[in-house]
file upload02.txt (compact mmCIF, N, CA and C atoms)
# COMPACT_ATOMS: atom_id res chain seq x y z
N MET Q 17 0.82 -1.19 0.00
CA MET Q 17 0.00 0.00 0.00
C MET Q 17 0.86 1.25 0.00
N LYS Q 18 1.90 1.26 0.82
CA LYS Q 18 2.78 2.41 0.92
C LYS Q 18 3.47 2.69 -0.41
N ARG Q 19 3.86 1.66 -1.08
CA ARG Q 19 4.56 1.80 -2.34
C ARG Q 19 3.65 2.39 -3.41
N ARG Q 20 2.39 1.99 -3.46
CA ARG Q 20 1.44 2.48 -4.44
C ARG Q 20 1.16 3.98 -4.21
N CYS Q 21 1.01 4.42 -2.97
CA CYS Q 21 0.77 5.83 -2.66
C CYS Q 21 1.95 6.69 -3.08
N SER Q 22 3.14 6.24 -2.78
CA SER Q 22 4.32 7.03 -3.14
C SER Q 22 4.48 7.10 -4.66
N LYS Q 23 4.08 6.06 -5.36
CA LYS Q 23 4.15 6.06 -6.83
C LYS Q 23 3.20 7.11 -7.39
N HIS Q 24 1.97 7.17 -6.86
CA HIS Q 24 1.00 8.16 -7.32
C HIS Q 24 1.41 9.57 -6.92
N LEU Q 25 2.02 9.68 -5.75
CA LEU Q 25 2.48 10.99 -5.29
C LEU Q 25 3.57 11.53 -6.22
N PHE Q 26 4.54 10.70 -6.57
CA PHE Q 26 5.59 11.13 -7.50
C PHE Q 26 5.04 11.46 -8.88
N LEU Q 27 4.05 10.68 -9.33
CA LEU Q 27 3.42 10.94 -10.61
C LEU Q 27 2.69 12.29 -10.58
N GLY Q 28 1.96 12.56 -9.48
CA GLY Q 28 1.26 13.84 -9.34
C GLY Q 28 2.22 15.01 -9.30
N ILE Q 29 3.29 14.87 -8.56
CA ILE Q 29 4.31 15.94 -8.49
C ILE Q 29 4.94 16.16 -9.85
N GLY Q 30 5.18 15.10 -10.58
CA GLY Q 30 5.76 15.21 -11.92
C GLY Q 30 4.84 15.94 -12.88
N ILE Q 31 3.54 15.66 -12.80
CA ILE Q 31 2.57 16.33 -13.67
C ILE Q 31 2.48 17.81 -13.32
N ILE Q 32 2.46 18.13 -12.03
CA ILE Q 32 2.42 19.53 -11.60
C ILE Q 32 3.67 20.27 -12.07
N ALA Q 33 4.83 19.66 -11.93
CA ALA Q 33 6.08 20.28 -12.38
C ALA Q 33 6.05 20.53 -13.88
N LEU Q 34 5.51 19.59 -14.63
CA LEU Q 34 5.40 19.74 -16.08
C LEU Q 34 4.48 20.91 -16.43
N LEU Q 35 3.33 21.01 -15.76
CA LEU Q 35 2.40 22.10 -16.02
C LEU Q 35 2.99 23.46 -15.66
N VAL Q 36 3.70 23.53 -14.55
CA VAL Q 36 4.36 24.78 -14.15
C VAL Q 36 5.41 25.15 -15.18
N GLY Q 37 6.17 24.19 -15.64
CA GLY Q 37 7.18 24.45 -16.66
C GLY Q 37 6.58 24.98 -17.95
N ILE Q 38 5.46 24.41 -18.36
CA ILE Q 38 4.77 24.88 -19.57
C ILE Q 38 4.26 26.30 -19.36
N ALA Q 39 3.68 26.60 -18.19
CA ALA Q 39 3.19 27.95 -17.91
C ALA Q 39 4.32 28.96 -17.92
N VAL Q 40 5.45 28.62 -17.34
CA VAL Q 40 6.61 29.52 -17.34
C VAL Q 40 7.10 29.76 -18.77
N ALA Q 41 7.16 28.71 -19.57
CA ALA Q 41 7.61 28.86 -20.96
C ALA Q 41 6.67 29.77 -21.75
N ILE Q 42 5.37 29.63 -21.54
CA ILE Q 42 4.40 30.49 -22.23
C ILE Q 42 4.58 31.94 -21.80
N CYS Q 43 4.75 32.18 -20.50
CA CYS Q 43 4.96 33.56 -20.01
C CYS Q 43 6.23 34.17 -20.60
N ILE Q 44 7.29 33.40 -20.65
CA ILE Q 44 8.54 33.91 -21.23
C ILE Q 44 8.32 34.25 -22.70
N TYR Q 45 7.62 33.39 -23.43
CA TYR Q 45 7.36 33.66 -24.85
C TYR Q 45 6.54 34.93 -25.04
N ILE Q 46 5.49 35.09 -24.23
CA ILE Q 46 4.60 36.24 -24.39
C ILE Q 46 5.26 37.53 -23.96
N PHE Q 47 5.92 37.54 -22.81
CA PHE Q 47 6.39 38.79 -22.23
C PHE Q 47 7.84 39.15 -22.52
N HIS Q 48 8.64 38.21 -22.99
CA HIS Q 48 10.05 38.51 -23.17
C HIS Q 48 10.56 38.32 -24.60
N ARG Q 49 9.66 38.13 -25.52
CA ARG Q 49 10.12 38.01 -26.90
C ARG Q 49 10.45 39.40 -27.44
N GLU Q 50 11.36 39.46 -28.34
CA GLU Q 50 11.78 40.74 -28.91
C GLU Q 50 10.72 41.25 -29.87
N PRO Q 51 10.42 42.56 -29.79
CA PRO Q 51 9.45 43.10 -30.75
C PRO Q 51 10.02 43.09 -32.16
N ARG Q 52 9.15 42.94 -33.11
CA ARG Q 52 9.53 42.94 -34.52
C ARG Q 52 8.85 44.13 -35.20
N ILE Q 53 9.31 44.45 -36.38
CA ILE Q 53 8.75 45.56 -37.14
C ILE Q 53 7.43 45.12 -37.76
N SER Q 54 6.37 45.95 -37.57
CA SER Q 54 5.08 45.62 -38.16
C SER Q 54 4.71 46.58 -39.30
N GLN Q 55 5.33 47.78 -39.33
CA GLN Q 55 5.04 48.73 -40.40
C GLN Q 55 6.21 49.70 -40.52
N VAL Q 56 6.50 50.14 -41.75
CA VAL Q 56 7.54 51.14 -41.98
C VAL Q 56 6.93 52.32 -42.72
N ASN Q 57 7.57 53.47 -42.56
CA ASN Q 57 7.10 54.68 -43.22
C ASN Q 57 8.29 55.60 -43.48
N ALA Q 58 8.27 56.23 -44.64
CA ALA Q 58 9.29 57.23 -44.97
C ALA Q 58 8.58 58.44 -45.54
N GLY Q 59 8.95 59.61 -45.06
CA GLY Q 59 8.33 60.84 -45.55
C GLY Q 59 9.21 62.02 -45.24
N GLY Q 60 9.41 62.89 -46.22
CA GLY Q 60 10.29 64.03 -46.00
C GLY Q 60 11.70 63.56 -45.72
N HIS Q 61 12.24 63.99 -44.59
CA HIS Q 61 13.60 63.62 -44.20
C HIS Q 61 13.61 62.63 -43.04
N VAL Q 62 12.55 61.84 -42.91
CA VAL Q 62 12.45 60.92 -41.79
C VAL Q 62 12.03 59.52 -42.25
N SER Q 63 12.42 58.54 -41.47
CA SER Q 63 11.98 57.16 -41.66
C SER Q 63 11.59 56.62 -40.29
N MET Q 64 10.54 55.82 -40.25
CA MET Q 64 10.06 55.27 -38.98
C MET Q 64 9.66 53.82 -39.16
N ALA Q 65 9.70 53.11 -38.04
CA ALA Q 65 9.23 51.73 -38.01
C ALA Q 65 8.35 51.56 -36.78
N VAL Q 66 7.17 51.00 -36.97
CA VAL Q 66 6.29 50.66 -35.86
C VAL Q 66 6.61 49.22 -35.47
N MET Q 67 6.85 49.02 -34.20
CA MET Q 67 7.20 47.70 -33.69
C MET Q 67 5.94 46.96 -33.23
N THR Q 68 6.03 45.64 -33.14
CA THR Q 68 4.88 44.85 -32.71
C THR Q 68 4.44 45.16 -31.29
N ASP Q 69 5.32 45.73 -30.48
CA ASP Q 69 4.94 46.09 -29.11
C ASP Q 69 4.30 47.48 -29.03
N GLY Q 70 4.10 48.14 -30.20
CA GLY Q 70 3.44 49.44 -30.24
C GLY Q 70 4.35 50.63 -30.10
N SER Q 71 5.64 50.41 -30.02
CA SER Q 71 6.60 51.52 -29.95
C SER Q 71 7.01 51.92 -31.37
N VAL Q 72 7.71 53.05 -31.48
CA VAL Q 72 8.13 53.56 -32.78
C VAL Q 72 9.63 53.84 -32.76
N LEU Q 73 10.32 53.37 -33.80
CA LEU Q 73 11.73 53.71 -34.01
C LEU Q 73 11.79 54.85 -35.02
N TYR Q 74 12.75 55.76 -34.85
CA TYR Q 74 12.83 56.95 -35.69
C TYR Q 74 14.25 57.12 -36.19
N ALA Q 75 14.38 57.53 -37.44
CA ALA Q 75 15.67 57.91 -38.00
C ALA Q 75 15.42 59.10 -38.92
N GLY Q 76 16.24 60.12 -38.79
CA GLY Q 76 16.07 61.26 -39.67
C GLY Q 76 16.48 62.57 -39.04
N ASP Q 77 15.85 63.63 -39.49
CA ASP Q 77 16.18 64.99 -39.10
C ASP Q 77 15.71 65.26 -37.67
N TYR Q 78 16.65 65.47 -36.76
CA TYR Q 78 16.31 65.74 -35.37
C TYR Q 78 16.07 67.22 -35.11
N GLN Q 79 16.12 68.06 -36.14
CA GLN Q 79 15.82 69.48 -35.97
C GLN Q 79 14.32 69.73 -35.95
N THR Q 80 13.55 68.77 -36.44
CA THR Q 80 12.09 68.88 -36.37
C THR Q 80 11.63 68.18 -35.09
N ALA Q 81 10.40 68.37 -34.72
CA ALA Q 81 9.86 67.73 -33.51
C ALA Q 81 9.41 66.30 -33.77
N GLN Q 82 9.55 65.83 -35.00
CA GLN Q 82 9.03 64.51 -35.34
C GLN Q 82 9.69 63.37 -34.57
N TRP Q 83 10.88 63.57 -34.04
CA TRP Q 83 11.55 62.52 -33.28
C TRP Q 83 10.75 62.15 -32.03
N LYS Q 84 9.82 63.01 -31.61
CA LYS Q 84 9.03 62.74 -30.41
C LYS Q 84 8.12 61.53 -30.54
N VAL Q 85 8.00 60.99 -31.74
CA VAL Q 85 7.19 59.78 -31.92
C VAL Q 85 7.76 58.61 -31.12
N THR Q 86 9.03 58.68 -30.77
CA THR Q 86 9.64 57.60 -29.98
C THR Q 86 9.03 57.51 -28.59
N ARG Q 87 8.31 58.54 -28.17
CA ARG Q 87 7.64 58.53 -26.86
C ARG Q 87 6.26 57.86 -26.92
N TRP Q 88 5.74 57.67 -28.12
CA TRP Q 88 4.40 57.10 -28.28
C TRP Q 88 4.39 55.63 -27.88
N LYS Q 89 3.25 55.19 -27.36
CA LYS Q 89 3.03 53.78 -27.02
C LYS Q 89 1.71 53.34 -27.66
N ASN Q 90 1.56 52.06 -27.87
CA ASN Q 90 0.33 51.48 -28.43
C ASN Q 90 0.00 52.02 -29.83
N VAL Q 91 1.03 52.14 -30.66
CA VAL Q 91 0.87 52.65 -32.02
C VAL Q 91 0.56 51.49 -32.97
N LYS Q 92 -0.40 51.71 -33.85
CA LYS Q 92 -0.76 50.72 -34.87
C LYS Q 92 -0.03 51.01 -36.17
N SER Q 93 0.00 52.30 -36.58
CA SER Q 93 0.70 52.69 -37.80
C SER Q 93 1.06 54.17 -37.74
N VAL Q 94 1.95 54.59 -38.63
CA VAL Q 94 2.34 56.00 -38.73
C VAL Q 94 2.28 56.45 -40.18
N ALA Q 95 2.10 57.76 -40.36
CA ALA Q 95 2.14 58.38 -41.69
C ALA Q 95 2.83 59.72 -41.50
N SER Q 96 3.72 60.07 -42.43
CA SER Q 96 4.45 61.32 -42.25
C SER Q 96 4.81 61.95 -43.59
N ASN Q 97 5.17 63.22 -43.50
CA ASN Q 97 5.76 63.94 -44.63
C ASN Q 97 6.84 64.85 -44.07
N TYR Q 98 7.22 65.87 -44.78
CA TYR Q 98 8.31 66.74 -44.35
C TYR Q 98 7.99 67.55 -43.11
N ALA Q 99 6.70 67.82 -42.82
CA ALA Q 99 6.33 68.76 -41.77
C ALA Q 99 5.67 68.14 -40.55
N TYR Q 100 5.13 66.94 -40.67
CA TYR Q 100 4.43 66.35 -39.53
C TYR Q 100 4.46 64.83 -39.60
N THR Q 101 4.13 64.23 -38.46
CA THR Q 101 3.94 62.79 -38.38
C THR Q 101 2.67 62.52 -37.61
N ALA Q 102 1.85 61.62 -38.13
CA ALA Q 102 0.63 61.21 -37.47
C ALA Q 102 0.77 59.75 -37.07
N GLY Q 103 0.26 59.44 -35.90
CA GLY Q 103 0.30 58.06 -35.42
C GLY Q 103 -1.10 57.56 -35.13
N LEU Q 104 -1.46 56.46 -35.75
CA LEU Q 104 -2.74 55.81 -35.47
C LEU Q 104 -2.54 54.89 -34.29
N MET Q 105 -3.24 55.17 -33.21
CA MET Q 105 -3.11 54.38 -31.99
C MET Q 105 -4.03 53.15 -32.06
N LYS Q 106 -3.72 52.15 -31.30
CA LYS Q 106 -4.50 50.92 -31.31
C LYS Q 106 -5.93 51.13 -30.85
N ASN Q 107 -6.20 52.22 -30.13
CA ASN Q 107 -7.57 52.49 -29.67
C ASN Q 107 -8.38 53.29 -30.69
N GLY Q 108 -7.81 53.57 -31.89
CA GLY Q 108 -8.54 54.26 -32.96
C GLY Q 108 -8.41 55.77 -32.95
N THR Q 109 -7.62 56.32 -32.04
CA THR Q 109 -7.37 57.76 -32.04
C THR Q 109 -6.11 58.06 -32.84
N VAL Q 110 -5.88 59.35 -33.12
CA VAL Q 110 -4.72 59.75 -33.91
C VAL Q 110 -3.94 60.81 -33.14
N GLU Q 111 -2.65 60.55 -32.95
CA GLU Q 111 -1.73 61.51 -32.34
C GLU Q 111 -1.01 62.25 -33.46
N LEU Q 112 -0.56 63.47 -33.18
CA LEU Q 112 0.07 64.28 -34.21
C LEU Q 112 1.25 65.03 -33.63
N VAL Q 113 2.37 64.98 -34.35
CA VAL Q 113 3.53 65.81 -34.04
C VAL Q 113 3.70 66.72 -35.24
N SER Q 114 3.46 68.03 -35.01
CA SER Q 114 3.45 68.94 -36.14
C SER Q 114 3.80 70.35 -35.71
N GLY Q 115 4.37 71.09 -36.64
CA GLY Q 115 4.56 72.51 -36.44
C GLY Q 115 3.36 73.29 -36.96
N LYS Q 116 2.42 72.58 -37.57
CA LYS Q 116 1.25 73.23 -38.16
C LYS Q 116 0.15 73.35 -37.12
N LYS Q 117 -0.27 74.57 -36.85
CA LYS Q 117 -1.33 74.81 -35.88
C LYS Q 117 -2.71 74.44 -36.45
N SER Q 118 -2.83 74.42 -37.78
CA SER Q 118 -4.14 74.19 -38.40
C SER Q 118 -4.56 72.72 -38.36
N MET Q 119 -3.64 71.82 -38.07
CA MET Q 119 -3.98 70.40 -38.03
C MET Q 119 -4.38 70.00 -36.62
N ASP Q 120 -5.56 69.40 -36.50
CA ASP Q 120 -6.07 68.99 -35.20
C ASP Q 120 -6.79 67.66 -35.34
N THR Q 121 -6.35 66.67 -34.58
CA THR Q 121 -6.95 65.34 -34.66
C THR Q 121 -7.60 64.93 -33.35
N THR Q 122 -7.82 65.88 -32.45
CA THR Q 122 -8.35 65.53 -31.13
C THR Q 122 -9.74 64.91 -31.19
N ASP Q 123 -10.53 65.23 -32.20
CA ASP Q 123 -11.88 64.67 -32.33
C ASP Q 123 -11.93 63.40 -33.17
N TRP Q 124 -10.81 62.94 -33.66
CA TRP Q 124 -10.79 61.75 -34.50
C TRP Q 124 -10.92 60.51 -33.61
N LYS Q 125 -11.95 59.70 -33.88
CA LYS Q 125 -12.21 58.46 -33.12
C LYS Q 125 -12.54 57.34 -34.10
N LYS Q 126 -12.31 56.12 -33.68
CA LYS Q 126 -12.62 54.91 -34.46
C LYS Q 126 -11.97 54.92 -35.83
N ILE Q 127 -10.73 55.42 -35.91
CA ILE Q 127 -9.97 55.47 -37.17
C ILE Q 127 -9.28 54.12 -37.37
N THR Q 128 -9.27 53.63 -38.62
CA THR Q 128 -8.62 52.35 -38.93
C THR Q 128 -7.41 52.51 -39.84
N LYS Q 129 -7.37 53.59 -40.64
CA LYS Q 129 -6.25 53.85 -41.57
C LYS Q 129 -5.98 55.34 -41.62
N ILE Q 130 -4.71 55.71 -41.81
CA ILE Q 130 -4.35 57.12 -42.02
C ILE Q 130 -3.38 57.22 -43.18
N SER Q 131 -3.37 58.40 -43.81
CA SER Q 131 -2.45 58.68 -44.90
C SER Q 131 -2.06 60.15 -44.86
N ALA Q 132 -0.78 60.41 -45.06
CA ALA Q 132 -0.26 61.78 -45.00
C ALA Q 132 -0.11 62.34 -46.41
N GLY Q 133 -0.67 63.53 -46.61
CA GLY Q 133 -0.49 64.25 -47.86
C GLY Q 133 0.50 65.38 -47.66
N MET Q 134 0.71 66.18 -48.68
CA MET Q 134 1.66 67.28 -48.60
C MET Q 134 1.31 68.26 -47.48
N ASP Q 135 0.06 68.70 -47.45
CA ASP Q 135 -0.38 69.65 -46.43
C ASP Q 135 -1.65 69.20 -45.73
N HIS Q 136 -1.95 67.91 -45.77
CA HIS Q 136 -3.17 67.43 -45.14
C HIS Q 136 -2.99 65.99 -44.68
N LEU Q 137 -3.91 65.57 -43.84
CA LEU Q 137 -3.93 64.21 -43.31
C LEU Q 137 -5.34 63.67 -43.47
N VAL Q 138 -5.46 62.45 -43.95
CA VAL Q 138 -6.78 61.84 -44.08
C VAL Q 138 -6.84 60.58 -43.21
N GLY Q 139 -8.03 60.31 -42.71
CA GLY Q 139 -8.25 59.13 -41.90
C GLY Q 139 -9.52 58.43 -42.33
N LEU Q 140 -9.51 57.11 -42.26
CA LEU Q 140 -10.66 56.30 -42.60
C LEU Q 140 -11.22 55.71 -41.31
N ARG Q 141 -12.52 55.93 -41.09
CA ARG Q 141 -13.17 55.39 -39.91
C ARG Q 141 -13.60 53.94 -40.14
N ARG Q 142 -13.89 53.29 -39.05
CA ARG Q 142 -14.33 51.88 -39.08
C ARG Q 142 -15.58 51.71 -39.94
N ASP Q 143 -16.46 52.72 -39.95
CA ASP Q 143 -17.71 52.61 -40.71
C ASP Q 143 -17.55 52.99 -42.19
N GLY Q 144 -16.34 53.30 -42.62
CA GLY Q 144 -16.08 53.60 -44.03
C GLY Q 144 -16.14 55.08 -44.37
N THR Q 145 -16.43 55.94 -43.41
CA THR Q 145 -16.48 57.38 -43.68
C THR Q 145 -15.13 58.01 -43.45
call {"tool": "encode", "arguments": {"input": "upload02.txt", "output": "structure tokens"}}
result
Amino acid sequence: MKRRCSKHLFLGIGIIALLVGIAVAICIYIFHREPRISQVNAGGHVSMAVMTDGSVLYAGDYQTAQWKVTRWKNVKSVASNYAYTAGLMKNGTVELVSGKKSMDTTDWKKITKISAGMDHLVGLRRDGT
């Protein structure tokens, strides 16, 4: 009887250890994998890459304020030209780094796509408008 109980006990401990090991491996995969590039953009004198973790890498002219995109989090995509950069956030809003006072995206909601023109920015809403 004693031998049978200890056999089941070791089997149970082994199964628990296996499950814990699998859970740890999944957590490491989810939380510690390196972000990859999900989108690239070039406009004016700048180039950017949106990473899978929602951050933005920037290369280009640091005399403009566009380098501030590196502070953004939860970015889905970016669009830029020589004077501004717009970032589409994962929540459907649009952030803007611009020297242009006439551009305002504070009321933009439920946006799915953005595109930068020479002096304008367009956004497509989820409903197609």
call {"tool": "residues_around", "arguments": {"input": "upload02.txt", "residues": "Q:Ala95", "least_positions_apart": "6", "cutoff": "10 Å", "atoms": "only C-alpha atoms", "output": "ChimeraX atom specification"}}
result
/Q:56-59,63-64,101-104,112,129-133,137-138
call {"tool": "select_by_dssp", "arguments": {"input": "upload02.txt", "residues": "stretch 18-145 of chain Q", "states": "alpha helix (DSSP H)", "output": "PDB file with N, CA and C atoms, in the frame of the given file"}}
result
ATOM      1  N   LYS Q  18       1.900   1.260   0.820  1.00  0.00           N
ATOM      2  CA  LYS Q  18       2.780   2.410   0.920  1.00  0.00           C
ATOM      3  C   LYS Q  18       3.470   2.690  -0.410  1.00  0.00           C
ATOM      4  N   ARG Q  19       3.860   1.660  -1.080  1.00  0.00           N
ATOM      5  CA  ARG Q  19       4.560   1.800  -2.340  1.00  0.00           C
ATOM      6  C   ARG Q  19       3.650   2.390  -3.410  1.00  0.00           C
ATOM      7  N   ARG Q  20       2.390   1.990  -3.460  1.00  0.00           N
ATOM      8  CA  ARG Q  20       1.440   2.480  -4.440  1.00  0.00           C
ATOM      9  C   ARG Q  20       1.160   3.980  -4.210  1.00  0.00           C
ATOM     10  N   CYS Q  21       1.010   4.420  -2.970  1.00  0.00           N
ATOM     11  CA  CYS Q  21       0.770   5.830  -2.660  1.00  0.00           C
ATOM     12  C   CYS Q  21       1.950   6.690  -3.080  1.00  0.00           C
ATOM     13  N   SER Q  22       3.140   6.240  -2.780  1.00  0.00           N
ATOM     14  CA  SER Q  22       4.320   7.030  -3.140  1.00  0.00           C
ATOM     15  C   SER Q  22       4.480   7.100  -4.660  1.00  0.00           C
ATOM     16  N   LYS Q  23       4.080   6.060  -5.360  1.00  0.00           N
ATOM     17  CA  LYS Q  23       4.150   6.060  -6.830  1.00  0.00           C
ATOM     18  C   LYS Q  23       3.200   7.110  -7.390  1.00  0.00           C
ATOM     19  N   HIS Q  24       1.970   7.170  -6.860  1.00  0.00           N
ATOM     20  CA  HIS Q  24       1.000   8.160  -7.320  1.00  0.00           C
ATOM     21  C   HIS Q  24       1.410   9.570  -6.920  1.00  0.00           C
ATOM     22  N   LEU Q  25       2.020   9.680  -5.750  1.00  0.00           N
ATOM     23  CA  LEU Q  25       2.480  10.990  -5.290  1.00  0.00           C
ATOM     24  C   LEU Q  25       3.570  11.530  -6.220  1.00  0.00           C
ATOM     25  N   PHE Q  26       4.540  10.700  -6.570  1.00  0.00           N
ATOM     26  CA  PHE Q  26       5.590  11.130  -7.500  1.00  0.00           C
ATOM     27  C   PHE Q  26       5.040  11.460  -8.880  1.00  0.00           C
ATOM     28  N   LEU Q  27       4.050  10.680  -9.330  1.00  0.00           N
ATOM     29  CA  LEU Q  27       3.420  10.940 -10.610  1.00  0.00           C
ATOM     30  C   LEU Q  27       2.690  12.290 -10.580  1.00  0.00           C
ATOM     31  N   GLY Q  28       1.960  12.560  -9.480  1.00  0.00           N
ATOM     32  CA  GLY Q  28       1.260  13.840  -9.340  1.00  0.00           C
ATOM     33  C   GLY Q  28       2.220  15.010  -9.300  1.00  0.00           C
ATOM     34  N   ILE Q  29       3.290  14.870  -8.560  1.00  0.00           N
ATOM     35  CA  ILE Q  29       4.310  15.940  -8.490  1.00  0.00           C
ATOM     36  C   ILE Q  29       4.940  16.160  -9.850  1.00  0.00           C
ATOM     37  N   GLY Q  30       5.180  15.100 -10.580  1.00  0.00           N
ATOM     38  CA  GLY Q  30       5.760  15.210 -11.920  1.00  0.00           C
ATOM     39  C   GLY Q  30       4.840  15.940 -12.880  1.00  0.00           C
ATOM     40  N   ILE Q  31       3.540  15.660 -12.800  1.00  0.00           N
ATOM     41  CA  ILE Q  31       2.570  16.330 -13.670  1.00  0.00           C
ATOM     42  C   ILE Q  31       2.480  17.810 -13.320  1.00  0.00           C
ATOM     43  N   ILE Q  32       2.460  18.130 -12.030  1.00  0.00           N
ATOM     44  CA  ILE Q  32       2.420  19.530 -11.600  1.00  0.00           C
ATOM     45  C   ILE Q  32       3.670  20.270 -12.070  1.00  0.00           C
ATOM     46  N   ALA Q  33       4.830  19.660 -11.930  1.00  0.00           N
ATOM     47  CA  ALA Q  33       6.080  20.280 -12.380  1.00  0.00           C
ATOM     48  C   ALA Q  33       6.050  20.530 -13.880  1.00  0.00           C
ATOM     49  N   LEU Q  34       5.510  19.590 -14.630  1.00  0.00           N
ATOM     50  CA  LEU Q  34       5.400  19.740 -16.080  1.00  0.00           C
ATOM     51  C   LEU Q  34       4.480  20.910 -16.430  1.00  0.00           C
ATOM     52  N   LEU Q  35       3.330  21.010 -15.760  1.00  0.00           N
ATOM     53  CA  LEU Q  35       2.400  22.100 -16.020  1.00  0.00           C
ATOM     54  C   LEU Q  35       2.990  23.460 -15.660  1.00  0.00           C
ATOM     55  N   VAL Q  36       3.700  23.530 -14.550  1.00  0.00           N
ATOM     56  CA  VAL Q  36       4.360  24.780 -14.150  1.00  0.00           C
ATOM     57  C   VAL Q  36       5.410  25.150 -15.180  1.00  0.00           C
ATOM     58  N   GLY Q  37       6.170  24.190 -15.640  1.00  0.00           N
ATOM     59  CA  GLY Q  37       7.180  24.450 -16.660  1.00  0.00           C
ATOM     60  C   GLY Q  37       6.580  24.980 -17.950  1.00  0.00           C
ATOM     61  N   ILE Q  38       5.460  24.410 -18.360  1.00  0.00           N
ATOM     62  CA  ILE Q  38       4.770  24.880 -19.570  1.00  0.00           C
ATOM     63  C   ILE Q  38       4.260  26.300 -19.360  1.00  0.00           C
ATOM     64  N   ALA Q  39       3.680  26.600 -18.190  1.00  0.00           N
ATOM     65  CA  ALA Q  39       3.190  27.950 -17.910  1.00  0.00           C
ATOM     66  C   ALA Q  39       4.320  28.960 -17.920  1.00  0.00           C
ATOM     67  N   VAL Q  40       5.450  28.620 -17.340  1.00  0.00           N
ATOM     68  CA  VAL Q  40       6.610  29.520 -17.340  1.00  0.00           C
ATOM     69  C   VAL Q  40       7.100  29.760 -18.770  1.00  0.00           C
ATOM     70  N   ALA Q  41       7.160  28.710 -19.570  1.00  0.00           N
ATOM     71  CA  ALA Q  41       7.610  28.860 -20.960  1.00  0.00           C
ATOM     72  C   ALA Q  41       6.670  29.770 -21.750  1.00  0.00           C
ATOM     73  N   ILE Q  42       5.370  29.630 -21.540  1.00  0.00           N
ATOM     74  CA  ILE Q  42       4.400  30.490 -22.230  1.00  0.00           C
ATOM     75  C   ILE Q  42       4.580  31.940 -21.800  1.00  0.00           C
ATOM     76  N   CYS Q  43       4.750  32.180 -20.500  1.00  0.00           N
ATOM     77  CA  CYS Q  43       4.960  33.560 -20.010  1.00  0.00           C
ATOM     78  C   CYS Q  43       6.230  34.170 -20.600  1.00  0.00           C
ATOM     79  N   ILE Q  44       7.290  33.400 -20.650  1.00  0.00           N
ATOM     80  CA  ILE Q  44       8.540  33.910 -21.230  1.00  0.00           C
ATOM     81  C   ILE Q  44       8.320  34.250 -22.700  1.00  0.00           C
ATOM     82  N   TYR Q  45       7.620  33.390 -23.430  1.00  0.00           N
ATOM     83  CA  TYR Q  45       7.360  33.660 -24.850  1.00  0.00           C
ATOM     84  C   TYR Q  45       6.540  34.930 -25.040  1.00  0.00           C
ATOM     85  N   ILE Q  46       5.490  35.090 -24.230  1.00  0.00           N
ATOM     86  CA  ILE Q  46       4.600  36.240 -24.390  1.00  0.00           C
ATOM     87  C   ILE Q  46       5.260  37.530 -23.960  1.00  0.00           C
ATOM     88  N   PHE Q  47       5.920  37.540 -22.810  1.00  0.00           N
ATOM     89  CA  PHE Q  47       6.390  38.790 -22.230  1.00  0.00           C
ATOM     90  C   PHE Q  47       7.840  39.150 -22.520  1.00  0.00           C
ATOM     91  N   HIS Q  48       8.640  38.210 -22.990  1.00  0.00           N
ATOM     92  CA  HIS Q  48      10.050  38.510 -23.170  1.00  0.00           C
ATOM     93  C   HIS Q  48      10.560  38.320 -24.600  1.00  0.00           C
TER      94      HIS Q  48
END
call {"tool": "closest_residue", "arguments": {"input": "upload02.txt", "among": "Q:Thr109, Q:Ser71, Q:Gln79, Q:Thr86", "to": "Q:Asp123", "atoms": "all atoms listed in the file"}}
result
Q:Thr109
call {"tool": "atom_distance", "arguments": {"input": "upload02.txt", "atom1": "atom N of Q:Gly60", "atom2": "atom N of Q:Gly139"}}
result
18.0 Å
call {"tool": "atom_distance", "arguments": {"input": "upload02.txt", "atom1": "atom CA of Q:Trp88", "atom2": "atom CA of Q:Glu50"}}
result
18.0 Å
call {"tool": "select_by_dssp", "arguments": {"input": "upload02.txt", "residues": "stretch 54-83 of chain Q", "states": "strand (DSSP E)", "output": "list in words"}}
result
Ser54, Gln55, Val56, Asn57, Ala58, Gly59, Val62, Ser63, Met64, Ala65, Val66, Met67, Val72, Leu73, Tyr74, Ala75 and Gly76 of chain Q
call {"tool": "atom_distance", "arguments": {"input": "upload02.txt", "atom1": "atom CA of Q:Lys126", "atom2": "atom C of Q:Asn107"}}
result
5.9 Å
call {"tool": "closest_residue", "arguments": {"input": "upload02.txt", "among": "Q:Val91, Q:Val62, Q:Met105, Q:Val113", "to": "Q:Tyr78", "atoms": "all atoms listed in the file"}}
result
Q:Val62
call {"tool": "closest_residue", "arguments": {"input": "upload02.txt", "among": "Q:Asn97, Q:Asp77, Q:Lys106, Q:Thr122", "to": "Q:Asp135", "atoms": "all atoms listed in the file"}}
result
Q:Asn97
call {"tool": "residues_around", "arguments": {"input": "upload02.txt", "residues": "Q:Gln55", "least_positions_apart": "2", "cutoff": "6.5 Å", "atoms": "all atoms listed in the file", "output": "list of chain:residue names"}}
result
Q:Ile53, Q:Asn57, Q:Met64, Q:Ala65, Q:Val66, Q:Met67, Q:Ser93
